[in-house]
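Chemist: If you scroll down you'll find the structure; I have some questions about it.
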There are 4 protein chains.
Amino acid sequence: YGKNTIKFLRLHREGKKHFAKEVEVCAHLRLTSPQEYLEGNNSLVIPTDTIKNIVLVLAQKNGVPSLEQFAIDICNHFMTTFCQVAYVKTYVQEVPWQRLHEDGVPHIHSFICVPDGIRFCEAEQCRNGPLIVFAGIKDLKLMKTTQSGFEGFYKNEHTTLPERHDRILCGELFCKWSYGECKDFDFNCIWKKIHECILEAFAGPPDCGEYSPSYQKTINCIQMLVLSRVSQVQVIEVVLNNTFYNVVDMKNLGLTNDKEVLVPVEAPYGSCACTLGRKKFFEA
Amino acid sequence: YGKNTIKFLRLHREGKKHFAKEVEVCAHLRLTSPQEYLEGNNSLVIPTDTIKNIVLVLAQKNGVPSLEQFAIDICNHFMTTFCQVAYVKTYVQEVPWQRLHEDGVPHIHSFICVPDGIRFCEAEQCRNGPLIVFAGIKDLKLMKTTQSGFEGFYKNEHTTLPERHDRILCGELFCKWSYGECKDFDFNCIWKKIHECILEAFAGPPDCGEYSPSYQKTINCIQMLVLSRVSQVQVIEVVLNNTFYNVVDMKNLGLTNDKEVLVPVEAPYGSCACTLGRKKFFEA
Amino acid sequence: YGKNTIKFLRLHREGKKHFAKEVEVCAHLRLTSPQEYLEGNNSLVIPTDTIKNIVLVLAQKNGVPSLEQFAIDICNHFMTTFCQVAYVKTYVQEVPWQRLHEDGVPHIHSFICVPDGIRFCEAEQCRNGPLIVFAGIKDLKLMKTTQSGFEGFYKNEHTTLPERHDRILCGELFCKWSYGECKDFDFNCIWKKIHECILEAFAGPPDCGEYSPSYQKTINCIQMLVLSRVSQVQVIEVVLNNTFYNVVDMKNLGLTNDKEVLVPVEAPYGSCACTLGRKKFFEA
Amino acid sequence: YGKNTIKFLRLHREGKKHFAKEVEVCAHLRLTSPQEYLEGNNSLVIPTDTIKNIVLVLAQKNGVPSLEQFAIDICNHFMTTFCQVAYVKTYVQEVPWQRLHEDGVPHIHSFICVPDGIRFCEAEQCRNGPLIVFAGIKDLKLMKTTQSGFEGFYKNEHTTLPERHDRILCGELFCKWSYGECKDFDFNCIWKKIHECILEAFAGPPDCGEYSPSYQKTINCIQMLVLSRVSQVQVIEVVLNNTFYNVVDMKNLGLTNDKEVLVPVEAPYGSCACTLGRKKFFEA
């Protein structure tokens, strides 16, 4: 049980310059005894209202230097304060405020919401177990208008899809990775580096791109690049929900349409997921 | 990988009377070899477009006698047709069309959408493993305006919640249960019976209700009633996302408010989950 | 300016039996002077926080006998209390709680959310002008699986739609009507009667239905029936956002599909609106 | 009647460099005769499917140099082609794809979705009337963490809001303006200029900001700046839906909170709207 969508804005001021971090936190606990379920005995139950208070108190005391550090702080607090807690899991998601710029000059206290991918993290811990930290990005929508195809696939009597060597590749990416021993990491810096890797592996070189033979291969390229460049990442999961774009057939309308007008097909949509680790490998 | 939100309407006619079932299907596969991820070799990949075609063909051939039977049909088809499929998972959700009635008379071909809880099911199978079937209901919003409290809970310096013995209990329920050996089940009949158990355990007797000392206990009551009444259910998971209602303090406004005007608090919201099986027990 | 989504639950108790009405209110004002815009002079501005307080106070004092009466109460309060208010408009929408029944027996204090069409109303008044009341229903999804067609339409070189005399008619209805002199109306009773008219005109007789030659004609039938049966209605507006269902062509898949499997096309969707009054007529 | 959410992607290629514009179009017509409503006579009805085809054909033939030009093209087409059309209205909204950059280098064919405000436009025309063009931005979320207050407002017995001279100003902006005679305008350039005005008027100078005594005054500042800098704008409407941030009272938790931790209040939310023209003035 726990509390979801605990939202708050944490302000930090350096002189007249303001730094704003708004987050949404979910914190869930499992207790050592199920007596509240079986007997209706609430004596060990920490109310979700108290959970909310603790999150806000930690925000005031520690600030939010990084989402990951804040999630770690929450886990540590519950594990060290309440002996009846057997397991704690916390999720922190950032509201994507960016400092406003006027003619390239950063504004001291104004911000704009730019949701081009949402940063999040998770931390979880069992009593007597290690603290495990995940970080990730979600709702990141990317599109390549060429250098993508899908050919040589398995065919039978239910196949109607034609082979294509020049199609639109468009999708919403979800990436989540785990850290190993995570002391003294610069989580903000690592996150930014991984974000760059994802864009680079998706798009390829700016002057020519790189051919993608399938969504699956593109996912693998992203994972391989992250694992090769960022040593702190142990395992990375990528999910790509893709939108097809159909070239509109305009023959009946007396026109030729050389892939100039395309229509998105939003339902049904394909989905493709893979989890890749440093030694073990499995897909789902 | 797979295809999500494959939507279709299956019509069945008996004379002039029409029966309509609209569903949304997700079907996901894992192949025996990861070569399409590693090498970009698509030769074993069944396109998601083909997956969609197969779902529609099965709908035409078999109809949708129950969501569960349709999910089973899809799993069986992929396992028996494609030797490269290592695992198949399918999810089926119903659009809640109900036959329209005029003055109590059922209409032969008109329907109204009544989303008071959405029926869904899942089926999954690993090659050489058993076919596992789940069913459930989601988005079921219920409210009790009394016979609910929360007292005797754990308190410390971060506790600000007062004890309450007469509060609103309001939440959105998610229930999912698994069947054991599931041959020859009347899935529609069982689902209806479980739906009744949920409402009965939540609300208590119609003339007086039943006191709930916590969300946790209410969840446990639902699970116990389902397990006691429906022998086909092996394990049942219940998640309750609850909305608090605060009694508005009107002293400053010169009025007394005897729990007559309350304001819902939608964020943050509490959440409470428990999974209960016939022999083993664990909560999450 | 004003306050939107003021949500509250109003409880009424008769002995052990509870009556619950949860609503969402928006209340907007226009002041006689624009000085707060031009000069930043707030001296006449009623804070939106005060607007919220007033709505809650009225709920406590008057209850919510009907949405319409509550909207009228709000308008009256602002017009009689604040001479700087030039115009007030209020919108009230109901959360569709229905009393729970167990084996046909109504429960004294348990409710289920059944969103099969949302009831709402509006009231507006200019200073020295009449109080105008509207009521309506929205998000009402209806479907007929036959007795609908679309033929004889205008054709040119951009027409690719075939004529059809047996198609699915499915859409989401929005209806809004205005009352004339509205003293002493039983708003709850009238609303229920209009709701029945809408379903009846949409579906036709339960044993055979009624053929619809177009969405436009169905809208007109609804309007005509309401105006003929409910004398208090002066003008009625109906908007129908329709979802097409395409019969899946299964020839390539070796099957004949006699309108048994259809796929909904949710974007783009057609929309059709008409406003019909007792004397004047216009469409939009 | 008409067709909503006609979505398409228009690709334009210059050598290896791709330009992508994805839009969503709604196109609505009113015919000169209501016979399809009254009599079910469809002979003048242009099917919404044909409307969709026409939009796609115009996209192929003319491209989408600007949203406004495309909306004008649609209006012109319907007015000149169909004498039974009495009125046409079209709405065009852009999917906010931005060219991807790697280390500052623009990518030739990769794009990222950045929804920091959505550009849209409308065009409408009555037969024998002028073509009127509107443009706008919506879903633009901005925040100032200081230089905002609300004081000196009207008070009575329902007032509980304290005066504040240093609060968060946060809201979602909707701006829509109309053009006068709109031949030969560079709509893309004007839109960009207005976008800059909005940000500048909201935030004030980057090094110090500008004090806002109310949402109303901030709206007025935006309007005044746009009207003074952009001569093509005739009338500008601004709606600001604001989110309050409450400073969390931590006295009970043994802490002082100097506006460091704040909680957003999303419902109810205030709303404030004003329409300002070159000569006439009114607020709503």
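Scheme for the structure tokens: letters A, B, ... for chains in order shown; per-chain residue numbers from 1; ligand numbers from 1 in order shown.
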If we count only C-alpha atoms and set the cut-off at 9 Å, which residues sit around Ile222 (chain C), ignoring sequence neighbours fewer than 3 positions away in its own chain? Please answer as a list in words.
Modeler: Cys197, Ile198, Leu199, Glu200, Ala201, Phe202, Lys217, Thr218, Ile219, Leu225, Val226, Leu227 and Val238 of chain C
Chemist: Could those residues be written to a file, using N, CA, C and O atoms, as a PDB file, in the first residue's frame?
Modeler:
ATOM      1  N   CYS C 197     -36.725  10.197 -24.431  1.00  0.00           N
ATOM      2  CA  CYS C 197     -37.008  10.584 -25.823  1.00  0.00           C
ATOM      3  C   CYS C 197     -35.794  10.356 -26.720  1.00  0.00           C
ATOM      4  O   CYS C 197     -35.917   9.879 -27.851  1.00  0.00           O
ATOM      5  N   ILE C 198     -34.621  10.739 -26.217  1.00  0.00           N
ATOM      6  CA  ILE C 198     -33.403  10.608 -27.015  1.00  0.00           C
ATOM      7  C   ILE C 198     -33.158   9.146 -27.377  1.00  0.00           C
ATOM      8  O   ILE C 198     -32.916   8.801 -28.538  1.00  0.00           O
ATOM      9  N   LEU C 199     -33.253   8.274 -26.377  1.00  0.00           N
ATOM     10  CA  LEU C 199     -33.014   6.847 -26.630  1.00  0.00           C
ATOM     11  C   LEU C 199     -34.068   6.292 -27.590  1.00  0.00           C
ATOM     12  O   LEU C 199     -33.745   5.537 -28.518  1.00  0.00           O
ATOM     13  N   GLU C 200     -35.293   6.684 -27.384  1.00  0.00           N
ATOM     14  CA  GLU C 200     -36.383   6.165 -28.223  1.00  0.00           C
ATOM     15  C   GLU C 200     -36.228   6.620 -29.678  1.00  0.00           C
ATOM     16  O   GLU C 200     -36.364   5.826 -30.613  1.00  0.00           O
ATOM     17  N   ALA C 201     -35.910   7.914 -29.855  1.00  0.00           N
ATOM     18  CA  ALA C 201     -35.787   8.427 -31.221  1.00  0.00           C
ATOM     19  C   ALA C 201     -34.554   7.856 -31.916  1.00  0.00           C
ATOM     20  O   ALA C 201     -34.557   7.651 -33.127  1.00  0.00           O
ATOM     21  N   PHE C 202     -33.505   7.606 -31.152  1.00  0.00           N
ATOM     22  CA  PHE C 202     -32.304   7.026 -31.740  1.00  0.00           C
ATOM     23  C   PHE C 202     -32.575   5.595 -32.193  1.00  0.00           C
ATOM     24  O   PHE C 202     -32.207   5.190 -33.294  1.00  0.00           O
ATOM     25  N   LYS C 217     -30.619  13.073 -40.240  1.00  0.00           N
ATOM     26  CA  LYS C 217     -32.044  12.778 -40.042  1.00  0.00           C
ATOM     27  C   LYS C 217     -32.288  12.230 -38.638  1.00  0.00           C
ATOM     28  O   LYS C 217     -33.306  12.562 -37.995  1.00  0.00           O
ATOM     29  N   THR C 218     -31.360  11.419 -38.136  1.00  0.00           N
ATOM     30  CA  THR C 218     -31.508  10.888 -36.776  1.00  0.00           C
ATOM     31  C   THR C 218     -31.488  12.012 -35.760  1.00  0.00           C
ATOM     32  O   THR C 218     -32.278  12.029 -34.807  1.00  0.00           O
ATOM     33  N   ILE C 219     -30.601  12.976 -35.977  1.00  0.00           N
ATOM     34  CA  ILE C 219     -30.562  14.140 -35.084  1.00  0.00           C
ATOM     35  C   ILE C 219     -31.901  14.868 -35.114  1.00  0.00           C
ATOM     36  O   ILE C 219     -32.459  15.229 -34.072  1.00  0.00           O
ATOM     37  N   LEU C 225     -38.889  14.795 -31.574  1.00  0.00           N
ATOM     38  CA  LEU C 225     -39.582  14.054 -30.521  1.00  0.00           C
ATOM     39  C   LEU C 225     -39.536  14.823 -29.200  1.00  0.00           C
ATOM     40  O   LEU C 225     -40.539  14.925 -28.493  1.00  0.00           O
ATOM     41  N   VAL C 226     -38.365  15.389 -28.890  1.00  0.00           N
ATOM     42  CA  VAL C 226     -38.245  16.138 -27.636  1.00  0.00           C
ATOM     43  C   VAL C 226     -39.177  17.352 -27.664  1.00  0.00           C
ATOM     44  O   VAL C 226     -39.931  17.594 -26.711  1.00  0.00           O
ATOM     45  N   LEU C 227     -39.161  18.089 -28.760  1.00  0.00           N
ATOM     46  CA  LEU C 227     -39.993  19.295 -28.830  1.00  0.00           C
ATOM     47  C   LEU C 227     -41.484  18.958 -28.776  1.00  0.00           C
ATOM     48  O   LEU C 227     -42.282  19.715 -28.215  1.00  0.00           O
ATOM     49  N   VAL C 238     -28.304  19.383 -30.828  1.00  0.00           N
ATOM     50  CA  VAL C 238     -27.778  18.020 -30.760  1.00  0.00           C
ATOM     51  C   VAL C 238     -26.508  17.951 -31.590  1.00  0.00           C
ATOM     52  O   VAL C 238     -26.475  18.430 -32.723  1.00  0.00           O
TER      53      VAL C 238
END
Chemist: Select from region 52-160 of chain A every residue with an atom at most 7 Å from any atom of region 35-51 of chain B, then for each give the shortest pair of atoms and their distance in Å to one decimal, using only C-alpha atoms, rows by chain and rising number, as a tab-separated table.
Modeler:
residue	atom	partner	partner_atom	distance
A:Glu151	CA	B:Asn42	CA	7.0
A:Gly152	CA	B:Ser43	CA	5.5
A:Phe153	CA	B:Ser43	CA	4.6
A:Tyr154	CA	B:Leu44	CA	5.2
A:His158	CA	B:Thr50	CA	5.8
A:Thr159	CA	B:Thr50	CA	5.1
A:Thr160	CA	B:Thr50	CA	6.9
Chemist: Could you turn the residues from that selection into a file that holds N, CA, C and O atoms, as a short mmCIF file (atom, residue, chain, number, x, y, z; two decimals), in the first residue's frame?
Modeler:
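result-v5.cif written:
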data_model
loop_
_atom_site.label_atom_id
_atom_site.label_comp_id
_atom_site.auth_asym_id
_atom_site.auth_seq_id
_atom_site.Cartn_x
_atom_site.Cartn_y
_atom_site.Cartn_z
N GLU A 151 11.99 -5.89 -44.15
CA GLU A 151 11.99 -6.85 -45.26
C GLU A 151 12.41 -8.23 -44.78
O GLU A 151 12.98 -8.38 -43.71
N GLY A 152 12.14 -9.21 -45.61
CA GLY A 152 12.63 -10.56 -45.34
C GLY A 152 11.98 -11.22 -44.15
O GLY A 152 12.54 -12.15 -43.56
N PHE A 153 10.77 -10.76 -43.80
CA PHE A 153 10.12 -11.34 -42.63
C PHE A 153 9.38 -12.63 -43.00
O PHE A 153 9.25 -12.98 -44.17
N TYR A 154 8.94 -13.34 -41.98
CA TYR A 154 8.25 -14.61 -42.14
C TYR A 154 6.87 -14.40 -42.78
O TYR A 154 6.14 -13.50 -42.37
N HIS A 158 -1.63 -15.68 -43.78
CA HIS A 158 -2.23 -14.52 -43.11
C HIS A 158 -1.41 -13.24 -43.28
O HIS A 158 -1.67 -12.23 -42.64
N THR A 159 -0.39 -13.31 -44.12
CA THR A 159 0.47 -12.14 -44.33
C THR A 159 -0.10 -11.28 -45.45
O THR A 159 -0.32 -11.76 -46.56
N THR A 160 -0.33 -10.01 -45.14
CA THR A 160 -0.74 -9.08 -46.21
C THR A 160 0.20 -7.88 -46.28
O THR A 160 0.11 -7.08 -47.20
#
Chemist: DSSP says helix (DSSP H, G or I) for which residues of region 91-202 of chain A? Put them as a list in words?
Modeler: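 In region 91-202 of chain A, DSSP puts these residues in helix (DSSP H, G or I): Phe187, Asn188, Cys189, Ile190, Trp191, Lys192, Lys193, Ile194, His195, Glu196, Cys197, Ile198, Leu199, Glu200, Ala201 and Phe202 of chain A.
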Chemist: Tell me, as a list in words, which residues lie within 8 Å of Val95 (chain B), counting only C-alpha atoms; anything in the same chain fewer than 2 positions away does not count.
Modeler: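 Result of the neighbour search: Lys21, Glu22, Val23, Glu24, Gln93, Trp97, Cys113, Pro115 and Ile118 of chain B.
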Chemist: Keeping only all heavy atoms, write the selected residues as a PDB file, in the first residue's frame.
Modeler:
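Result written to selection17.pdb:
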ATOM      1  N   LYS B  21     -20.461  -7.777 -29.774  1.00  0.00           N
ATOM      2  CA  LYS B  21     -19.363  -7.788 -28.809  1.00  0.00           C
ATOM      3  C   LYS B  21     -18.190  -7.021 -29.418  1.00  0.00           C
ATOM      4  O   LYS B  21     -17.660  -7.412 -30.451  1.00  0.00           O
ATOM      5  CB  LYS B  21     -18.958  -9.220 -28.461  1.00  0.00           C
ATOM      6  CG  LYS B  21     -17.969  -9.259 -27.320  1.00  0.00           C
ATOM      7  CD  LYS B  21     -17.990 -10.551 -26.524  1.00  0.00           C
ATOM      8  CE  LYS B  21     -19.278 -10.811 -25.799  1.00  0.00           C
ATOM      9  NZ  LYS B  21     -19.204 -11.841 -24.758  1.00  0.00           N
ATOM     10  N   GLU B  22     -17.828  -5.914 -28.771  1.00  0.00           N
ATOM     11  CA  GLU B  22     -16.678  -5.149 -29.247  1.00  0.00           C
ATOM     12  C   GLU B  22     -15.550  -5.323 -28.251  1.00  0.00           C
ATOM     13  O   GLU B  22     -15.749  -5.174 -27.041  1.00  0.00           O
ATOM     14  CB  GLU B  22     -17.039  -3.665 -29.394  1.00  0.00           C
ATOM     15  CG  GLU B  22     -15.892  -2.864 -30.003  1.00  0.00           C
ATOM     16  CD  GLU B  22     -16.282  -1.438 -30.395  1.00  0.00           C
ATOM     17  OE1 GLU B  22     -17.481  -1.114 -30.398  1.00  0.00           O
ATOM     18  OE2 GLU B  22     -15.363  -0.662 -30.706  1.00  0.00           O
ATOM     19  N   VAL B  23     -14.378  -5.648 -28.770  1.00  0.00           N
ATOM     20  CA  VAL B  23     -13.237  -5.880 -27.882  1.00  0.00           C
ATOM     21  C   VAL B  23     -11.996  -5.176 -28.406  1.00  0.00           C
ATOM     22  O   VAL B  23     -11.942  -4.695 -29.538  1.00  0.00           O
ATOM     23  CB  VAL B  23     -12.925  -7.391 -27.727  1.00  0.00           C
ATOM     24  CG1 VAL B  23     -14.062  -8.120 -27.049  1.00  0.00           C
ATOM     25  CG2 VAL B  23     -12.574  -8.016 -29.051  1.00  0.00           C
ATOM     26  N   GLU B  24     -11.021  -5.146 -27.530  1.00  0.00           N
ATOM     27  CA  GLU B  24      -9.708  -4.577 -27.824  1.00  0.00           C
ATOM     28  C   GLU B  24      -8.709  -5.643 -27.403  1.00  0.00           C
ATOM     29  O   GLU B  24      -8.738  -6.094 -26.261  1.00  0.00           O
ATOM     30  CB  GLU B  24      -9.546  -3.320 -26.963  1.00  0.00           C
ATOM     31  CG  GLU B  24      -8.409  -2.449 -27.317  1.00  0.00           C
ATOM     32  CD  GLU B  24      -8.388  -1.196 -26.435  1.00  0.00           C
ATOM     33  OE1 GLU B  24      -9.418  -0.491 -26.341  1.00  0.00           O
ATOM     34  OE2 GLU B  24      -7.345  -0.952 -25.817  1.00  0.00           O
ATOM     35  N   GLN B  93     -10.001  -7.018 -23.785  1.00  0.00           N
ATOM     36  CA  GLN B  93     -10.801  -6.101 -22.972  1.00  0.00           C
ATOM     37  C   GLN B  93     -12.102  -5.801 -23.711  1.00  0.00           C
ATOM     38  O   GLN B  93     -12.104  -5.656 -24.931  1.00  0.00           O
ATOM     39  CB  GLN B  93      -9.984  -4.829 -22.786  1.00  0.00           C
ATOM     40  CG  GLN B  93     -10.684  -3.714 -22.070  1.00  0.00           C
ATOM     41  CD  GLN B  93      -9.772  -2.495 -21.945  1.00  0.00           C
ATOM     42  OE1 GLN B  93      -8.636  -2.589 -21.508  1.00  0.00           O
ATOM     43  NE2 GLN B  93     -10.262  -1.350 -22.357  1.00  0.00           N
ATOM     44  N   TRP B  97     -20.736  -2.389 -24.110  1.00  0.00           N
ATOM     45  CA  TRP B  97     -22.051  -2.196 -24.721  1.00  0.00           C
ATOM     46  C   TRP B  97     -23.087  -3.026 -23.982  1.00  0.00           C
ATOM     47  O   TRP B  97     -22.858  -4.193 -23.707  1.00  0.00           O
ATOM     48  CB  TRP B  97     -22.034  -2.623 -26.194  1.00  0.00           C
ATOM     49  CG  TRP B  97     -21.195  -1.774 -27.081  1.00  0.00           C
ATOM     50  CD1 TRP B  97     -20.039  -2.143 -27.710  1.00  0.00           C
ATOM     51  CD2 TRP B  97     -21.438  -0.409 -27.455  1.00  0.00           C
ATOM     52  NE1 TRP B  97     -19.549  -1.093 -28.448  1.00  0.00           N
ATOM     53  CE2 TRP B  97     -20.384  -0.016 -28.311  1.00  0.00           C
ATOM     54  CE3 TRP B  97     -22.431   0.510 -27.156  1.00  0.00           C
ATOM     55  CZ2 TRP B  97     -20.299   1.266 -28.858  1.00  0.00           C
ATOM     56  CZ3 TRP B  97     -22.356   1.777 -27.703  1.00  0.00           C
ATOM     57  CH2 TRP B  97     -21.301   2.142 -28.549  1.00  0.00           C
ATOM     58  N   CYS B 113     -23.484   2.335 -24.271  1.00  0.00           N
ATOM     59  CA  CYS B 113     -22.192   2.066 -23.624  1.00  0.00           C
ATOM     60  C   CYS B 113     -22.304   2.435 -22.138  1.00  0.00           C
ATOM     61  O   CYS B 113     -22.593   3.583 -21.792  1.00  0.00           O
ATOM     62  CB  CYS B 113     -21.116   2.919 -24.301  1.00  0.00           C
ATOM     63  SG  CYS B 113     -19.461   2.551 -23.748  1.00  0.00           S
ATOM     64  N   PRO B 115     -19.999   2.121 -18.975  1.00  0.00           N
ATOM     65  CA  PRO B 115     -18.687   1.721 -18.431  1.00  0.00           C
ATOM     66  C   PRO B 115     -18.631   1.722 -16.903  1.00  0.00           C
ATOM     67  O   PRO B 115     -17.886   2.461 -16.300  1.00  0.00           O
ATOM     68  CB  PRO B 115     -17.736   2.748 -19.044  1.00  0.00           C
ATOM     69  CG  PRO B 115     -18.568   3.933 -19.338  1.00  0.00           C
ATOM     70  CD  PRO B 115     -20.011   3.492 -19.445  1.00  0.00           C
ATOM     71  N   ILE B 118     -14.836  -2.407 -16.259  1.00  0.00           N
ATOM     72  CA  ILE B 118     -14.490  -2.982 -17.563  1.00  0.00           C
ATOM     73  C   ILE B 118     -14.004  -4.415 -17.364  1.00  0.00           C
ATOM     74  O   ILE B 118     -13.109  -4.677 -16.573  1.00  0.00           O
ATOM     75  CB  ILE B 118     -13.357  -2.158 -18.225  1.00  0.00           C
ATOM     76  CG1 ILE B 118     -13.800  -0.706 -18.428  1.00  0.00           C
ATOM     77  CG2 ILE B 118     -12.908  -2.787 -19.540  1.00  0.00           C
ATOM     78  CD1 ILE B 118     -14.873  -0.511 -19.441  1.00  0.00           C
TER      79      ILE B 118
END
Chemist: For chain A, which residue out of D:Ser33, D:Gln69, D:Asn246, D:Ser271 is the nearest one, using only C-alpha atoms?
Modeler: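 That would be D:Asn246, the residue with the smallest distance to chain A.
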Chemist: Which is closest to Arg10 (chain A) among D:Gly204, D:Thr145, D:Glu210, D:Ile190, if we use only C-alpha atoms?
Modeler: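 Looking only at the distances to Arg10 (chain A), the closest residue turns out to be D:Thr145.
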Chemist: Run DSSP on the backbone and tell me which residues of region 42-267 of chain C come out as strand (DSSP E); list them as JSON, numbers by chain.
Modeler: {"C": [85, 86, 87, 88, 89, 90, 91, 92, 93, 94, 97, 98, 99, 100, 101, 102, 105, 106, 107, 108, 109, 110, 111, 112, 113, 118, 119, 120, 121, 122, 123, 124, 125, 126, 131, 132, 133, 134, 135, 136, 137, 138, 139, 140, 141, 142, 143, 144, 169, 170, 171, 172, 173, 174, 175, 176, 177, 178, 179, 233, 234, 235, 236, 237, 238, 239, 240, 241, 242, 243, 244, 245, 246, 247, 261, 262, 263, 264, 265, 266, 267]}
Chemist: Which chain B residues have any atom within 9 Å of an atom of chain D, and for each, what is the nearest pair of atoms with distance in Å to one decimal, counting only C-alpha atoms, rows sorted by chain and number, as CSV?
Modeler:
residue,atom,partner,partner_atom,distance
B:Glu157,CA,D:Leu253,CA,6.7
B:His158,CA,D:Leu253,CA,6.0
B:Thr159,CA,D:Leu253,CA,8.2
B:Thr160,CA,D:Asn252,CA,7.6
B:Asn252,CA,D:Thr160,CA,7.6
B:Leu253,CA,D:His158,CA,6.0
B:Gly254,CA,D:Glu157,CA,8.5
B:Val265,CA,D:Ala267,CA,8.8
B:Glu266,CA,D:Ala267,CA,8.6
B:Ala267,CA,D:Glu266,CA,8.6
Chemist: Would you output that residue set with C-alpha atoms, as a short mmCIF file (atom, residue, chain, number, x, y, z; two decimals), in the first residue's frame?
Modeler:
data_model
loop_
_atom_site.label_atom_id
_atom_site.label_comp_id
_atom_site.auth_asym_id
_atom_site.auth_seq_id
_atom_site.Cartn_x
_atom_site.Cartn_y
_atom_site.Cartn_z
CA GLU B 157 6.09 12.94 14.85
CA HIS B 158 5.08 12.97 11.18
CA THR B 159 1.50 11.95 11.84
CA THR B 160 -1.12 14.64 11.33
CA ASN B 252 -14.73 30.65 9.27
CA LEU B 253 -17.76 30.97 7.03
CA GLY B 254 -20.16 31.00 9.97
CA VAL B 265 -8.87 14.98 -2.77
CA GLU B 266 -7.71 13.39 -6.00
CA ALA B 267 -3.98 13.91 -5.70
#
